[in-house]
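S.K.: The structure is given below, and queries will be raised subsequently.
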Amino acid sequence: MLLLVRKCRIPARFPCAVKSYCSQGTPEIGSFPLRGIRILDLTRIVAGPYCTMILADLGADVIKVEKPGSGDESRHWGPPFLANSPDSVYFMASNRNKRSVCIDMKLGRSIFEDLARKCDVLVENYVPGKLKKFGLDYDSLKKVNEGLIYCSITGYGSRGPYASRPGFDVIAASEGGLCHITGAEDGAPAKVGVPMTDIATGLYAHGAILAALLARRDSGRGQKIDVDLFSTQISCLINVGGNFLNAGIEAKRWGTAHSSIVPYQAFKTTSGYLTLGAGSDAHFKSLCSLLNIPEIAENPKFLTNTLRVQHRRELIDLLEGILSQKSTSDWMKVFSNAPFPVAPINSIREVFEDEHVKAINLVKTVSHPASGSVKVVGPPVVFSDAQNSVRTPPPTLGQHTDEVLAEILGYSPKEIEDLKLKKVIQ
């Protein structure tokens with residue numbers, strides 16, 4: 001709330017979208033935190049679109065600019081595809097609450113400049129130097145709008161020997177160590193089941209953009225933000241990175257187990273798997289009590305976590321032998337009031353059939369222009385006095401081109417039709 005009120009202090013010489021929300025006055029309780037913020041989204045695939053989707057959920061007007069004819073590459077990443085639509089289900093995951101316009105980057109520089117004048121933030125994920133060829137780099141666009149916050153999401157950043165390399169989630173996960181520490185203890189390296197490096201990069205970018213908006217509140221100036229997959233992945237090594245940097249310990253794969261806490265892993269049951277963890281000595285005593293082996297908690301080999309780590313194999317073998325005798329559901333009944341964390345390893349079907357997921361209404365249904373109703377997973381963050389919600393489905397390609405050019409830029413119907421005839425827009 002403070003951001004939107006104090007923003008009115010920015011000098012009028014900055015032709016950004018400040019006027020569009022300052023004129024709305026103090027937002028009411030329950031409004032969107034990014035009410036009035038406009039974002040020019042030049043991103044594709046996952047990291048960038050995920051970032052701008054979070055901002056759109058918070059109320060920002062996100063204008064997704066796509067290549068005429070094909071659009072965001074992830075629209076074609078199927079099957080599965082939406083019913084009666086050329087768009088993949090994959091595309092849905094990161095593109096709700098946005099407006100899609102199609103502009104040819106080679107022919108439409110003046111349109112991009114017009115949009116940059118009206119936007120607070122630009123987010124792009126091209127290889128460094130690519131947009132400079134079209135006059136759409138930060139140095140060019142800050143001359144058009146000094147208040148513009150320009151966020152570049154790349155594979156390796158804008159400097160260093162790898163700067164010109166393209167960025168992909170699994171490559172960053174490989175080169176940044178995540179694949180090395182993921183997988184069965186005696187197995188090959190593995191990738192995570194979803195693009196976690198992309199997602200983490202999008203989250204870092206979204207936080208940086210919010211910080212830059214706060215900084216602009218007082219300075220009146222925009223700035224350039226660089227966020228890259230490789231650095232993000234290394235930062236996400238957290239304790240694993242710290243172990244090497246400060247103790248010289250090289251990490252290994254542990255499967256679902258933990259290098260520093262025992263027991264803390266998945267165990268096979270007669271019907272599947274469950275995961276449990278005993279992060280304290282009290283938790284371990286409780287686990288042993290519920291398993292009817294209280295004497296194990298008093299065994300000198302297992303009195304502390306440090307000792308349990310030292311005697312990991314002996315303890316895990318013992319627990320595996322016990323937990324393999326009942327089904328997951330039976331064990332969950334035994335552990336229903338346990339003080340330590342425990343959960344079944346659910347299939348995706350079981351996730352969405354879970355009573356808690358249904359009770360909190362996490363899955364949202366929205367109307368799609370081609371496919372009828374579609375379902376998306378809503379925002380995981382809930383505010384007490386602000387909105388953060390799913391309002392519109394992912395847009396069809398170029399769905400809002402005419403609307404955005406007319407509404408935001410004031411182009412006449414004839415100007416828009418002429419641009420279509422020249423194949424500048426779609």
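By convention in this document, the chains of the structure tokens carry letters A, B, ... by their order, each chain's residues are numbered from 1, and ligands are numbered from 1 in the order they are shown.
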Give me the residues near A:Thr392 as a VMD selection string, where near means some atom within 7 Å (using only C-alpha atoms) and where sequence neighbours in that chain fewer than 4 positions away do not count.
M.R.: chain A and resid 96 to 97 366
S.K.: Mind checking which residues fall within 12 Å of stretch 179-189 of chain A, counting only C-alpha atoms, ignoring those fewer than 5 positions away in the same chain, and posting them as a count of residues only?
M.R.: 26
S.K.: Between A:Asn337, A:Ser152, A:Thr43, A:Gln325, which has the minimum distance to A:Ser286 (counting only C-alpha atoms)?
M.R.: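 Among the listed residues, the smallest separation from A:Ser286 belongs to A:Asn337.
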S.K.: May I ask which of the residues A:His283, A:Lys423, A:Arg38, A:Lys64 is the closest one to A:Pro394, counting only C-alpha atoms?
M.R.: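 Of all the options, A:Lys64 lies closest to A:Pro394.
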S.K.: Excluding stretch 71-82 of chain A and any residue of its chain fewer than 3 positions from it, enumerate the residues within 8 Å of it, using only C-alpha atoms, and give them as an NGL selection string.
M.R.: :A and (43-45 or 66-68 or 85-91 or 102 or 371 or 397)
S.K.: So, with only C-alpha atoms as the atoms that count, which of A:Val424, A:Met53, A:Leu58, A:Ile316 lies closest to A:Phe32?
M.R.: A:Leu58
